[in-house]
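With compact mmCIF, C-alpha atoms and all ligand atoms inside, this is target_14.txt:
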```txt
# COMPACT_ATOMS: atom_id res chain seq x y z
CA MET A 1 -53.55 29.86 -23.18
CA LYS A 2 -50.96 29.38 -20.43
CA VAL A 3 -52.78 29.86 -17.13
CA LEU A 4 -51.15 30.00 -13.71
CA MET A 5 -53.20 28.66 -10.80
CA VAL A 6 -52.04 29.90 -7.41
CA GLY A 7 -53.14 27.62 -4.55
CA GLY A 8 -53.31 23.88 -3.90
CA GLY A 9 -56.70 23.16 -2.32
CA ALA A 10 -59.95 21.61 -3.48
CA ARG A 11 -61.21 25.05 -4.58
CA GLU A 12 -58.21 25.38 -6.88
CA HIS A 13 -58.54 21.77 -8.10
CA CYS A 14 -62.15 22.51 -9.02
CA ILE A 15 -61.37 25.81 -10.82
CA ALA A 16 -58.41 24.25 -12.62
CA SER A 17 -60.47 21.24 -13.79
CA LYS A 18 -62.92 23.57 -15.51
CA LEU A 19 -60.18 25.74 -17.04
CA VAL A 20 -58.39 22.69 -18.48
CA GLU A 21 -61.73 21.41 -19.83
CA ASP A 22 -62.09 24.84 -21.50
CA GLY A 23 -58.67 24.48 -23.17
CA ALA A 24 -56.21 26.12 -20.76
CA GLU A 25 -52.62 24.89 -20.40
CA LEU A 26 -52.19 24.75 -16.63
CA TYR A 27 -49.24 25.77 -14.46
CA THR A 28 -49.72 25.50 -10.70
CA VAL A 29 -48.03 26.85 -7.59
CA MET A 30 -49.04 24.88 -4.49
CA ASN A 31 -47.74 24.24 -0.98
CA ASN A 32 -48.18 20.46 -1.13
CA LYS A 33 -48.45 18.02 -4.01
CA ASN A 34 -52.18 17.94 -4.64
CA PRO A 35 -52.62 14.86 -6.89
CA GLY A 36 -55.56 16.37 -8.79
CA LEU A 37 -53.71 19.57 -9.64
CA ALA A 38 -50.47 17.70 -10.35
CA LYS A 39 -52.28 15.54 -12.92
CA LEU A 40 -53.89 18.52 -14.65
CA SER A 41 -50.74 20.66 -14.73
CA THR A 42 -48.20 20.86 -17.55
CA GLU A 43 -45.78 21.89 -14.79
CA PHE A 44 -46.12 22.70 -11.10
CA LEU A 45 -43.98 24.42 -8.51
CA LEU A 46 -44.08 23.38 -4.86
CA ALA A 47 -43.81 26.70 -3.02
CA SER A 48 -45.72 28.86 -0.59
CA ASP A 49 -48.67 30.56 -2.28
CA THR A 50 -47.65 33.79 -0.54
CA ASP A 51 -44.09 33.81 -1.89
CA VAL A 52 -44.96 36.53 -4.39
CA PRO A 53 -41.45 37.19 -5.82
CA LYS A 54 -40.87 33.46 -6.42
CA ILE A 55 -44.29 32.99 -8.06
CA THR A 56 -43.86 36.07 -10.28
CA GLY A 57 -40.38 34.95 -11.38
CA TRP A 58 -41.65 31.45 -12.23
CA ALA A 59 -44.67 32.85 -14.09
CA LEU A 60 -42.39 35.04 -16.23
CA GLU A 61 -40.05 32.12 -16.93
CA LYS A 62 -43.01 29.96 -18.08
CA GLY A 63 -44.56 32.65 -20.29
CA ILE A 64 -47.82 32.72 -18.28
CA GLN A 65 -50.61 34.70 -19.98
CA MET A 66 -53.13 34.82 -17.12
CA ALA A 67 -52.96 34.12 -13.39
CA VAL A 68 -55.87 32.87 -11.30
CA ILE A 69 -55.50 33.47 -7.57
CA GLY A 70 -57.37 30.88 -5.48
CA PRO A 71 -56.90 31.83 -1.79
CA GLU A 72 -57.05 35.16 0.02
CA ALA A 73 -53.57 35.18 1.57
CA PRO A 74 -51.67 35.93 -1.69
CA LEU A 75 -54.24 38.65 -2.52
CA GLU A 76 -53.46 40.29 0.81
CA LYS A 77 -49.75 40.11 -0.04
CA GLY A 78 -50.38 42.08 -3.25
CA ILE A 79 -49.73 39.26 -5.73
CA VAL A 80 -52.02 40.85 -8.32
CA ASP A 81 -50.21 44.19 -8.11
CA GLU A 82 -46.86 42.47 -8.63
CA LEU A 83 -48.03 40.21 -11.47
CA THR A 84 -49.66 43.19 -13.19
CA GLU A 85 -46.39 45.11 -12.97
CA ALA A 86 -44.69 42.10 -14.57
CA GLY A 87 -47.23 42.25 -17.43
CA ILE A 88 -49.33 39.25 -16.32
CA PRO A 89 -53.07 39.96 -15.92
CA SER A 90 -54.87 38.23 -13.06
CA ILE A 91 -58.26 37.04 -11.92
CA GLY A 92 -58.34 38.54 -8.46
CA PRO A 93 -58.28 42.07 -7.06
CA THR A 94 -55.28 44.22 -6.23
CA LYS A 95 -54.21 44.56 -2.61
CA SER A 96 -56.41 47.64 -2.34
CA GLY A 97 -59.50 45.87 -3.77
CA ALA A 98 -58.86 42.76 -1.65
CA ARG A 99 -59.57 44.88 1.45
CA LEU A 100 -63.13 43.79 0.70
CA GLU A 101 -62.06 40.60 2.53
CA THR A 102 -58.82 41.46 4.30
CA SER A 103 -60.25 44.41 6.28
CA LYS A 104 -63.58 43.87 8.01
CA SER A 105 -63.90 47.61 8.82
CA PHE A 106 -63.22 48.61 5.20
CA THR A 107 -66.29 46.76 3.93
CA ARG A 108 -68.62 47.95 6.69
CA ASP A 109 -67.42 51.55 6.15
CA LEU A 110 -67.80 51.17 2.37
CA LEU A 111 -71.45 50.15 2.62
CA GLU A 112 -72.15 52.98 5.03
CA LYS A 113 -70.34 55.63 2.95
CA TYR A 114 -72.15 54.66 -0.27
CA ASN A 115 -75.54 54.12 1.41
CA ILE A 116 -75.70 50.47 0.40
CA PRO A 117 -78.22 48.43 2.43
CA GLY A 118 -77.31 45.23 4.31
CA ASN A 119 -75.10 46.48 7.16
CA PRO A 120 -75.85 45.73 10.82
CA LYS A 121 -75.41 48.37 13.52
CA PHE A 122 -71.64 48.39 13.95
CA LYS A 123 -68.69 50.27 15.37
CA VAL A 124 -64.97 49.99 14.73
CA PHE A 125 -62.70 50.20 17.79
CA LYS A 126 -58.96 50.84 17.76
CA ASP A 127 -58.66 50.95 21.55
CA SER A 128 -60.68 49.56 24.42
CA GLU A 129 -62.55 52.76 25.29
CA GLY A 130 -66.31 52.35 25.03
CA ILE A 131 -66.31 48.66 24.01
CA ARG A 132 -68.13 47.43 27.14
CA GLU A 133 -70.84 50.08 26.82
CA TYR A 134 -71.33 49.33 23.12
CA LEU A 135 -71.64 45.58 23.80
CA GLU A 136 -74.17 46.22 26.57
CA GLY A 137 -76.19 48.45 24.23
CA LEU A 138 -76.30 45.77 21.51
CA GLY A 139 -77.35 42.94 23.83
CA GLU A 140 -76.55 40.14 21.35
CA PHE A 141 -73.33 40.88 19.46
CA VAL A 142 -70.72 39.72 16.96
CA ILE A 143 -67.02 40.51 17.29
CA LYS A 144 -64.86 40.42 14.19
CA ASP A 145 -61.11 40.57 14.13
CA GLU A 146 -60.15 43.27 11.62
CA GLY A 147 -57.75 41.02 9.68
CA LEU A 148 -57.63 37.57 8.05
CA CYS A 149 -57.96 34.69 10.52
CA GLY A 150 -58.71 31.69 8.28
CA GLY A 151 -62.42 31.77 9.16
CA LYS A 152 -61.75 31.75 12.91
CA GLY A 153 -61.76 35.48 13.70
CA VAL A 154 -65.53 35.91 14.18
CA LYS A 155 -67.11 35.20 17.57
CA LEU A 156 -70.79 35.47 18.47
CA SER A 157 -72.51 36.09 21.78
CA GLY A 158 -74.46 33.09 22.99
CA GLU A 159 -72.30 30.75 20.87
CA HIS A 160 -68.61 31.50 21.49
CA LEU A 161 -68.87 34.34 23.99
CA ALA A 162 -70.96 33.83 27.13
CA SER A 163 -70.93 37.39 28.54
CA VAL A 164 -70.12 41.04 27.86
CA GLU A 165 -66.87 40.52 29.77
CA GLU A 166 -65.82 37.62 27.50
CA GLY A 167 -66.75 39.77 24.49
CA TYR A 168 -64.72 42.66 25.82
CA GLU A 169 -61.66 40.44 26.35
CA TYR A 170 -61.89 38.94 22.88
CA ALA A 171 -62.33 42.40 21.31
CA VAL A 172 -59.24 43.72 23.11
CA SER A 173 -57.20 40.69 21.97
CA CYS A 174 -58.23 41.45 18.35
CA ILE A 175 -57.02 45.05 18.76
CA HIS A 176 -53.67 43.79 20.07
CA LYS A 177 -53.36 41.37 17.17
CA SER A 178 -54.72 43.34 14.21
CA GLY A 179 -54.93 46.97 15.35
CA ALA A 180 -58.74 47.14 15.21
CA VAL A 181 -61.93 45.21 15.88
CA VAL A 182 -65.44 45.47 14.45
CA VAL A 183 -68.30 45.06 16.94
CA GLU A 184 -71.68 44.41 15.33
CA GLU A 185 -75.32 43.65 15.97
CA LYS A 186 -75.97 39.87 15.73
CA PHE A 187 -78.21 38.75 12.88
CA VAL A 188 -80.44 35.72 13.36
CA GLY A 189 -81.37 33.73 10.27
CA GLU A 190 -80.06 31.32 7.64
CA GLU A 191 -76.80 32.11 5.86
CA PHE A 192 -76.15 31.63 2.15
CA SER A 193 -73.33 32.26 -0.31
CA LEU A 194 -73.63 34.19 -3.55
CA GLN A 195 -70.45 33.90 -5.62
CA CYS A 196 -70.18 36.49 -8.38
CA LEU A 197 -67.66 37.26 -11.11
CA THR A 198 -67.01 40.83 -12.21
CA ASP A 199 -64.85 42.80 -14.61
CA GLY A 200 -65.46 45.87 -12.45
CA GLU A 201 -68.68 46.84 -14.28
CA THR A 202 -70.80 43.79 -15.03
CA VAL A 203 -71.51 41.45 -12.12
CA ILE A 204 -72.59 37.87 -12.89
CA GLY A 205 -74.22 35.82 -10.15
CA SER A 206 -74.26 32.03 -9.85
CA PRO A 207 -76.45 29.44 -8.11
CA LEU A 208 -76.65 29.98 -4.35
CA ALA A 209 -74.94 27.55 -2.00
CA GLN A 210 -74.94 27.00 1.75
CA ASP A 211 -71.81 26.04 3.67
CA HIS A 212 -71.70 24.14 7.00
CA LYS A 213 -69.07 25.74 9.19
CA ARG A 214 -69.53 23.63 12.31
CA LEU A 215 -67.58 20.40 12.68
CA LEU A 216 -70.37 18.13 13.90
CA GLU A 217 -73.75 16.97 12.67
CA GLY A 218 -76.70 19.17 13.61
CA ASP A 219 -74.41 22.23 13.25
CA LYS A 220 -72.66 21.63 16.55
CA GLY A 221 -69.02 21.76 17.64
CA PRO A 222 -66.21 24.14 16.74
CA ASN A 223 -66.05 26.28 13.61
CA THR A 224 -64.06 24.88 10.69
CA GLY A 225 -63.12 26.02 7.19
CA GLY A 226 -66.40 24.38 6.08
CA MET A 227 -67.47 20.72 6.24
CA GLY A 228 -69.63 20.71 3.13
CA SER A 229 -72.26 22.58 1.16
CA TYR A 230 -75.20 22.16 -1.17
CA SER A 231 -77.06 23.95 -3.95
CA ASP A 232 -80.53 23.33 -5.40
CA SER A 233 -81.69 22.75 -8.98
CA ASN A 234 -83.57 26.08 -9.21
CA HIS A 235 -80.36 27.92 -8.18
CA LEU A 236 -82.01 29.19 -4.98
CA LEU A 237 -81.93 27.40 -1.62
CA PRO A 238 -85.01 25.55 -0.31
CA PHE A 239 -85.63 28.22 2.37
CA LEU A 240 -85.17 31.27 0.06
CA LYS A 241 -87.24 33.16 -2.50
CA GLN A 242 -86.13 34.77 -5.76
CA GLU A 243 -86.36 38.20 -4.13
CA ASP A 244 -83.71 37.15 -1.55
CA TYR A 245 -81.36 36.32 -4.41
CA ASP A 246 -82.15 39.62 -6.14
CA VAL A 247 -81.42 41.67 -3.00
CA ALA A 248 -78.03 39.95 -2.49
CA LEU A 249 -77.08 40.46 -6.16
CA ASP A 250 -78.17 44.09 -6.06
CA ILE A 251 -76.04 44.78 -2.97
CA THR A 252 -73.06 43.17 -4.73
CA LYS A 253 -73.55 45.31 -7.85
CA HIS A 254 -73.59 48.47 -5.73
CA VAL A 255 -70.51 47.36 -3.78
CA CYS A 256 -68.70 46.71 -7.07
CA GLN A 257 -69.33 50.31 -8.17
CA ALA A 258 -68.33 51.64 -4.75
CA LEU A 259 -65.07 49.67 -4.92
CA LYS A 260 -64.25 51.25 -8.26
CA GLN A 261 -64.72 54.73 -6.83
CA GLU A 262 -62.87 53.96 -3.64
CA CYS A 263 -59.87 52.14 -5.22
CA GLY A 264 -59.70 54.21 -8.42
CA ILE A 265 -59.63 51.10 -10.65
CA PRO A 266 -62.19 48.42 -11.54
CA TYR A 267 -62.35 45.43 -9.20
CA LYS A 268 -61.67 42.30 -11.29
CA GLY A 269 -62.35 38.82 -10.03
CA VAL A 270 -64.64 37.14 -7.54
CA MET A 271 -67.00 38.86 -5.11
CA TYR A 272 -68.27 36.12 -2.82
CA GLY A 273 -70.92 37.50 -0.51
CA GLY A 274 -71.86 35.73 2.69
CA PHE A 275 -75.47 36.82 3.27
CA ILE A 276 -78.09 35.98 5.86
CA ALA A 277 -81.86 35.87 5.43
CA THR A 278 -83.37 37.44 8.57
CA LYS A 279 -86.82 38.53 9.66
CA ASN A 280 -85.88 42.02 8.42
CA GLY A 281 -84.72 40.85 4.99
CA VAL A 282 -81.35 39.91 3.50
CA LYS A 283 -78.28 41.29 5.28
CA LEU A 284 -74.56 41.14 4.55
CA VAL A 285 -72.40 39.00 6.83
CA GLU A 286 -69.14 39.57 4.94
CA TYR A 287 -67.48 39.57 1.53
CA ASN A 288 -64.62 37.41 0.36
CA ALA A 289 -62.39 38.36 -2.56
CA ARG A 290 -62.12 34.78 -3.88
CA TYR A 291 -64.33 31.78 -4.44
CA GLY A 292 -65.79 29.88 -1.49
CA ASP A 293 -64.31 26.61 -0.34
CA PRO A 294 -66.33 24.32 -0.46
CA GLU A 295 -69.06 26.35 -2.21
CA ILE A 296 -67.26 26.65 -5.57
CA MET A 297 -67.51 22.86 -5.86
CA ASN A 298 -71.31 23.28 -5.98
CA ILE A 299 -71.11 25.81 -8.78
CA LEU A 300 -68.46 25.09 -11.38
CA PRO A 301 -69.56 21.50 -12.13
CA LEU A 302 -72.86 23.09 -13.28
CA LEU A 303 -71.29 25.73 -15.53
CA GLU A 304 -72.13 24.80 -19.12
CA THR A 305 -70.25 27.72 -20.69
CA SER A 306 -66.52 28.46 -20.70
CA LEU A 307 -64.99 29.76 -17.47
CA LEU A 308 -61.81 30.50 -19.40
CA ASP A 309 -63.76 32.79 -21.76
CA MET A 310 -65.31 34.55 -18.77
CA PHE A 311 -61.88 35.07 -17.22
CA LYS A 312 -60.55 36.46 -20.53
CA ALA A 313 -63.54 38.82 -20.69
CA ILE A 314 -62.84 39.99 -17.13
CA ILE A 315 -59.31 40.94 -18.15
CA ASP A 316 -60.50 42.64 -21.36
CA GLY A 317 -63.34 44.39 -19.51
CA ASN A 318 -66.14 42.99 -21.66
CA LEU A 319 -67.85 40.43 -19.42
CA SER A 320 -71.52 39.90 -20.27
CA GLU A 321 -74.31 38.07 -18.48
CA SER A 322 -74.95 35.76 -21.44
CA MET A 323 -71.52 34.16 -20.87
CA ALA A 324 -72.69 32.16 -17.83
CA LYS A 325 -75.16 29.28 -18.13
CA PHE A 326 -75.63 26.81 -15.28
CA SER A 327 -77.47 23.51 -15.57
CA ASN A 328 -80.56 23.01 -13.43
CA LYS A 329 -79.12 20.36 -11.14
CA ALA A 330 -78.76 20.07 -7.37
CA THR A 331 -75.37 19.39 -5.79
CA VAL A 332 -74.13 18.19 -2.40
CA CYS A 333 -70.49 18.45 -1.35
CA LYS A 334 -69.13 16.62 1.70
CA TYR A 335 -65.61 17.20 2.89
CA VAL A 336 -63.45 14.35 4.17
CA VAL A 337 -61.16 15.64 6.94
CA PRO A 338 -58.54 14.03 9.18
CA VAL A 339 -59.73 12.75 12.57
CA GLY A 340 -59.38 15.58 15.11
CA TYR A 341 -59.78 18.33 12.48
CA GLY A 342 -61.13 21.54 14.01
CA VAL A 343 -59.53 20.69 17.37
CA LYS A 344 -56.17 18.94 16.80
CA SER A 345 -55.80 17.12 13.49
CA GLU A 346 -54.30 13.66 13.51
CA ALA A 347 -52.44 14.07 10.22
CA GLY A 348 -49.92 12.10 8.19
CA TYR A 349 -52.03 8.94 7.81
CA PRO A 350 -52.38 7.00 4.54
CA LEU A 351 -55.53 7.72 2.54
CA GLU A 352 -57.04 5.20 0.12
CA VAL A 353 -59.08 6.72 -2.69
CA ASN A 354 -60.71 4.74 -5.49
CA GLU A 355 -61.29 7.46 -8.10
CA GLU A 356 -62.86 5.09 -10.66
CA ALA A 357 -65.39 3.80 -8.12
CA ILE A 358 -66.24 7.37 -7.05
CA GLU A 359 -66.86 8.31 -10.66
CA ALA A 360 -68.89 5.12 -11.23
CA ALA A 361 -71.04 6.13 -8.23
CA GLY A 362 -71.87 9.34 -10.11
CA ALA A 363 -69.79 11.57 -7.81
CA LYS A 364 -66.85 13.91 -8.35
CA ILE A 365 -63.74 14.29 -6.25
CA TYR A 366 -61.57 17.37 -5.66
CA TYR A 367 -58.40 16.99 -3.60
CA ALA A 368 -57.40 19.44 -0.89
CA ALA A 369 -54.65 19.24 1.77
CA VAL A 370 -53.32 15.80 0.91
CA ASP A 371 -49.78 14.98 -0.02
CA LEU A 372 -48.93 12.59 -2.83
CA ARG A 373 -45.72 10.79 -1.87
CA ASP A 374 -43.80 8.05 -3.68
CA ASP A 375 -45.64 5.39 -1.66
CA GLY A 376 -49.13 6.89 -1.85
CA LEU A 377 -51.47 9.55 -0.56
CA TYR A 378 -51.29 11.00 2.98
CA THR A 379 -53.54 13.33 4.97
CA GLY A 380 -52.40 16.78 6.09
CA THR A 381 -53.70 18.83 9.01
CA SER A 382 -56.42 20.56 6.98
CA ARG A 383 -59.36 19.25 4.95
CA SER A 384 -58.42 16.27 2.73
CA LEU A 385 -60.86 16.08 -0.18
CA GLY A 386 -64.35 17.01 -1.29
CA ILE A 387 -66.86 14.52 -2.73
CA ILE A 388 -69.64 16.05 -4.81
CA GLY A 389 -72.89 14.41 -5.80
CA ILE A 390 -74.91 15.97 -8.62
CA GLY A 391 -78.55 15.08 -9.33
CA ASP A 392 -81.95 16.30 -10.44
CA THR A 393 -82.97 16.71 -6.81
CA LEU A 394 -81.10 17.45 -3.60
CA SER A 395 -81.86 14.03 -2.24
CA GLU A 396 -80.44 12.34 -5.36
CA ALA A 397 -77.31 14.52 -5.15
CA GLU A 398 -76.93 13.71 -1.44
CA GLN A 399 -77.19 9.97 -2.05
CA LYS A 400 -74.57 10.15 -4.81
CA ALA A 401 -72.18 12.04 -2.49
CA GLU A 402 -72.68 9.33 0.15
CA LYS A 403 -72.02 6.57 -2.41
CA GLY A 404 -68.81 8.38 -3.42
CA LEU A 405 -67.68 8.64 0.21
CA GLU A 406 -67.77 4.83 0.51
CA HIS A 407 -64.66 4.71 -1.67
CA VAL A 408 -62.46 6.86 0.57
CA LYS A 409 -60.77 5.04 3.44
CA GLY A 410 -58.39 6.17 6.16
CA HIS A 411 -58.11 7.86 9.55
CA ILE A 412 -60.87 10.28 8.52
CA PHE A 413 -64.05 12.04 9.56
CA MET A 414 -67.00 13.56 7.68
CA ARG A 415 -70.49 14.96 8.30
CA HIS A 416 -73.18 12.71 6.87
CA ASP A 417 -76.10 15.07 7.56
CA ILE A 418 -75.22 17.72 4.95
CA GLY A 419 -77.94 17.94 2.28
CA THR A 420 -80.17 15.25 3.82
CA PRO A 421 -83.96 15.84 3.61
CA GLU A 422 -84.15 16.04 7.45
CA ALA A 423 -81.42 18.71 7.67
CA ILE A 424 -82.97 20.75 4.85
CA GLU A 425 -86.44 20.55 6.43
CA ARG A 426 -85.02 21.82 9.74
CA LYS A 427 -83.58 24.87 7.96
CA ILE A 428 -86.87 25.60 6.17
CA GLU A 429 -88.82 25.38 9.43
CA ARG A 430 -86.26 27.46 11.34
CA LEU A 431 -86.39 30.35 8.86
CA LYS A 432 -90.19 30.14 8.67
CA GLY A 433 -90.22 30.59 12.44
CA ILE A 434 -87.84 33.55 12.26
CA ARG A 435 -89.61 35.26 9.39
CA GLY A 436 -93.06 34.57 10.73
N1 LIG B 501 -66.91 28.70 2.84
C1 LIG B 501 -66.09 29.53 3.63
C2 LIG B 501 -65.03 30.23 2.92
O1 LIG B 501 -64.70 29.89 1.80
O2 LIG B 501 -64.50 31.17 3.47
```

So, in terms of structure tokens, how does the structure I just supplied come out?
Amino acid sequence: MKVLMVGGGAREHCIASKLVEDGAELYTVMNNKNPGLAKLSTEFLLASDTDVPKITGWALEKGIQMAVIGPEAPLEKGIVDELTEAGIPSIGPTKSGARLETSKSFTRDLLEKYNIPGNPKFKVFKDSEGIREYLEGLGEFVIKDEGLCGGKGVKLSGEHLASVEEGYEYAVSCIHKSGAVVVEEKFVGEEFSLQCLTDGETVIGSPLAQDHKRLLEGDKGPNTGGMGSYSDSNHLLPFLKQEDYDVALDITKHVCQALKQECGIPYKGVMYGGFIATKNGVKLVEYNARYGDPEIMNILPLLETSLLDMFKAIIDGNLSESMAKFSNKATVCKYVVPVGYGVKSEAGYPLEVNEEAIEAAGAKIYYAAVDLRDDGLYTGTSRSLGIIGIGDTLSEAEQKAEKGLEHVKGHIFMRHDIGTPEAIERKIERLKGIRG
């Protein structure tokens, strides 16, 4: 089957690796020459992943039978609508369905309208009237830009915003930029990611993972796209119970049905819920309409069944829970990033990667924003590559990831604390304290 992968990051490298293993013939559209994707692809096109007319034209020329959309930006542009019109089915929602991620107010309103639990107290503002009073009433608050901001549109009181006045100013700037802002109650707890696949009816969950958004060890410093993530062998996280998983999956199933009613067609693709375990139970932080980056790198290496078959079933509308089997292993992913990433990346430096040694150390590598030139590999401004350790326990997986990292050299930075026993213990104790 000729499969088009749209996107050139580590998430796409990871998805593509599994699809090729499952028998797909891969065609890729990517911004930069990702060496992992280039190697897997029968052909690739270097182009913007949001250039929908160009991508559709190329897909038709190559006789593509299925498109897989990695990032959110092309979904927002309506790539699935255009490919569908051209007769190419896709894994990913239409522009209307992608509002699940591209419009923060859409998702909050959807949960409220369909009486689905998990929402905070919230209010959507389209002008500045009443914002100050609402912030004062909440005490601790979260302000979310209505539109896509590459993970940088959410600001929290006490972390990024020191006062009601700073909150007010940020909220008004969001309205100027995106036309609306969502102001919410702040949840306190531990976040986790549940990445699901759906054909619009059946929703299949996967092992939970936890991302690390902050740049520095101990969860300090500026927010980033994610510095690394881990998953545990029982498919939960060390600080969660089975009932937390069940609540998150149940919310996602209800949201899937609500999306069908609201959009008039089944939602097909990924529903990646960012949840938070609080003292009042599991709450919804946000949904994304694509896989998590880095979290997908914790999940697909454990999938023992065919992802390609699941994708085909999504298109045909006959997805079933028995199609997904994950091995009972723990994983730890650590991202290698250029020095200065998160503040001002020092990009364009040579990167030395010994793939054989990484594999010999029992780790996997997925390339992200690196550029393969005639004279070697160079860093870009964004994250460079993910190293994933897989083991029977979290500590074994963490040690394998660290061994793998020893074989990447350059002007780079990484967080060594992700998945360590000390960091995990801190999270367990923190949530115990919150939940009583
Ligand atoms: N892990 C963050 C994201 O994929 O948006």

Subject >> 9 Å contact set for Arg132 of chain A, all atoms listed in the file, chain neighbours under 6 positions out, as a list in words >> reply: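 Returned residues: Val164, Glu165, Gly167 and Tyr168 of chain A.
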
Put those residues in a file: C-alpha atoms, as an mmCIF file, in the frame of the given file.
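So the final result, stored in again14.cif, reads:
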```cif
data_model
loop_
_atom_site.group_PDB
_atom_site.id
_atom_site.type_symbol
_atom_site.label_atom_id
_atom_site.label_comp_id
_atom_site.auth_asym_id
_atom_site.auth_seq_id
_atom_site.Cartn_x
_atom_site.Cartn_y
_atom_site.Cartn_z
ATOM 1 C CA VAL A 164 -70.120 41.040 27.860
ATOM 2 C CA GLU A 165 -66.870 40.520 29.770
ATOM 3 C CA GLY A 167 -66.750 39.770 24.490
ATOM 4 C CA TYR A 168 -64.720 42.660 25.820
#
```

Original post:
Using all atoms listed in the file, which of the listed residues (A:Gly410, A:Pro294, A:Pro93, A:Gly317) sits closest to ligand LIG 501 (chain B)?
Top reply: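 Comparing A:Gly410, A:Pro294, A:Pro93, A:Gly317 against ligand LIG 501 (chain B), the winner is A:Pro294.
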
Subject >> Nearby residues (only C-alpha atoms) at most 12 Å from Lys113 of chain A, same-chain spacing under 3 positions excluded, as number ranges by chain >> reply: A: 105-110, 116-117, 119, 254-255, 258-259, 261-262

Subject >> Test item: residues at most 8 Å from segment 21-27 of chain A, only C-alpha atoms, excluding those fewer than 5 positions along its chain, as a list in words >> reply: Met1, Lys2, Val3, Leu4, Met5, Ala16, Leu40, Ser41, Thr42, Glu43, Phe44, Ser306, Leu307 and Leu308 of chain A

Store the residues picked out above in a file with C-alpha atoms, as a PDB file, in the coordinates of the input.
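Result file follows (part_30.pdb):
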```pdb
ATOM      1  CA  MET A   1     -53.550  29.860 -23.180  1.00  0.00           C
ATOM      2  CA  LYS A   2     -50.960  29.380 -20.430  1.00  0.00           C
ATOM      3  CA  VAL A   3     -52.780  29.860 -17.130  1.00  0.00           C
ATOM      4  CA  LEU A   4     -51.150  30.000 -13.710  1.00  0.00           C
ATOM      5  CA  MET A   5     -53.200  28.660 -10.800  1.00  0.00           C
ATOM      6  CA  ALA A  16     -58.410  24.250 -12.620  1.00  0.00           C
ATOM      7  CA  LEU A  40     -53.890  18.520 -14.650  1.00  0.00           C
ATOM      8  CA  SER A  41     -50.740  20.660 -14.730  1.00  0.00           C
ATOM      9  CA  THR A  42     -48.200  20.860 -17.550  1.00  0.00           C
ATOM     10  CA  GLU A  43     -45.780  21.890 -14.790  1.00  0.00           C
ATOM     11  CA  PHE A  44     -46.120  22.700 -11.100  1.00  0.00           C
ATOM     12  CA  SER A 306     -66.520  28.460 -20.700  1.00  0.00           C
ATOM     13  CA  LEU A 307     -64.990  29.760 -17.470  1.00  0.00           C
ATOM     14  CA  LEU A 308     -61.810  30.500 -19.400  1.00  0.00           C
TER      15      LEU A 308
END
```

Subject >> Who sits within 12 Å of segment 422-435 of chain A, all atoms listed in the file, same chain under 2 positions skipped, as a ChimeraX atom specification >> reply: /A:187-192,210,212,217-219,229-232,237-241,276-282,332,394-395,398,415-420

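Picture a line from atom CA of Gly153 of chain A to atom CA of Ser103 of chain A; it runs 11.7 Å.
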
Original post:
Which residue, A:Phe311, A:Tyr272, A:Phe326, A:Tyr378, has the smallest gap to ligand LIG 501 (chain B) when you use only C-alpha atoms and all ligand atoms?
Top reply: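 The answer is A:Tyr272, which sits nearest to ligand LIG 501 (chain B).
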
Subject >> Near-ligand residues for ligand LIG 501 (chain B), threshold 9 Å, all atoms listed in the file, as number ranges by chain >> reply: A: 11, 71, 150-151, 193, 210-213, 224-229, 272, 274, 288, 290-296

Subject >> Residues near Val142 of chain A, cut-off 9 Å, only C-alpha atoms, skip fewer than 5 positions along chain, as a list in words >> reply: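 After dropping sequence-adjacent residues, the list is Val154, Lys155, Leu156, Ser157, Gly167, Val182, Val183, Glu184, Glu185, Lys186 and Phe187 of chain A.
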
Original post:
By how many Å are atom CA of Ala10 of chain A and atom CA of Ala369 of chain A apart?
Top reply: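 Computing it gives 7.8 Å between the two atoms.
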
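Candidate residues A:Leu46, A:Ala313, A:Leu216, A:Leu135 were compared for distance to Val203 of chain A, and the nearest is A:Ala313, using only C-alpha atoms.
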
**OP:** Counting only C-alpha atoms, figure out which residue out of A:Gly130, A:His176, A:Phe141, A:Val29 gets nearest to Ser163 of chain A.
**Re:** A:Phe141

**OP:** Give me, please, the distance in Å between atom CA of Lys325 of chain A and atom CA of Ser206 of chain A, quoted to one decimal.
**Re:** 8.8 Å

Original post:
Nearest to Leu37 of chain A: which of A:Ala368, A:Met414, A:Cys263, A:Gln195 is it, counting all atoms listed in the file?
Top reply: A:Ala368

**OP:** Name the closest residue to Ser48 of chain A among the candidates A:Arg214, A:Lys62, A:Lys33, A:Lys121; distances are taken between atoms, counting all atoms listed in the file.
**Re:** A:Lys33

Original post:
For the point (-64.6, 45.6, 13.6) in file coordinates, what residues are within 8 Å, counting only C-alpha atoms? Give the answer as a PyMOL selection string?
Top reply: chain A and resi 104-105+122-125+143-146+180-184
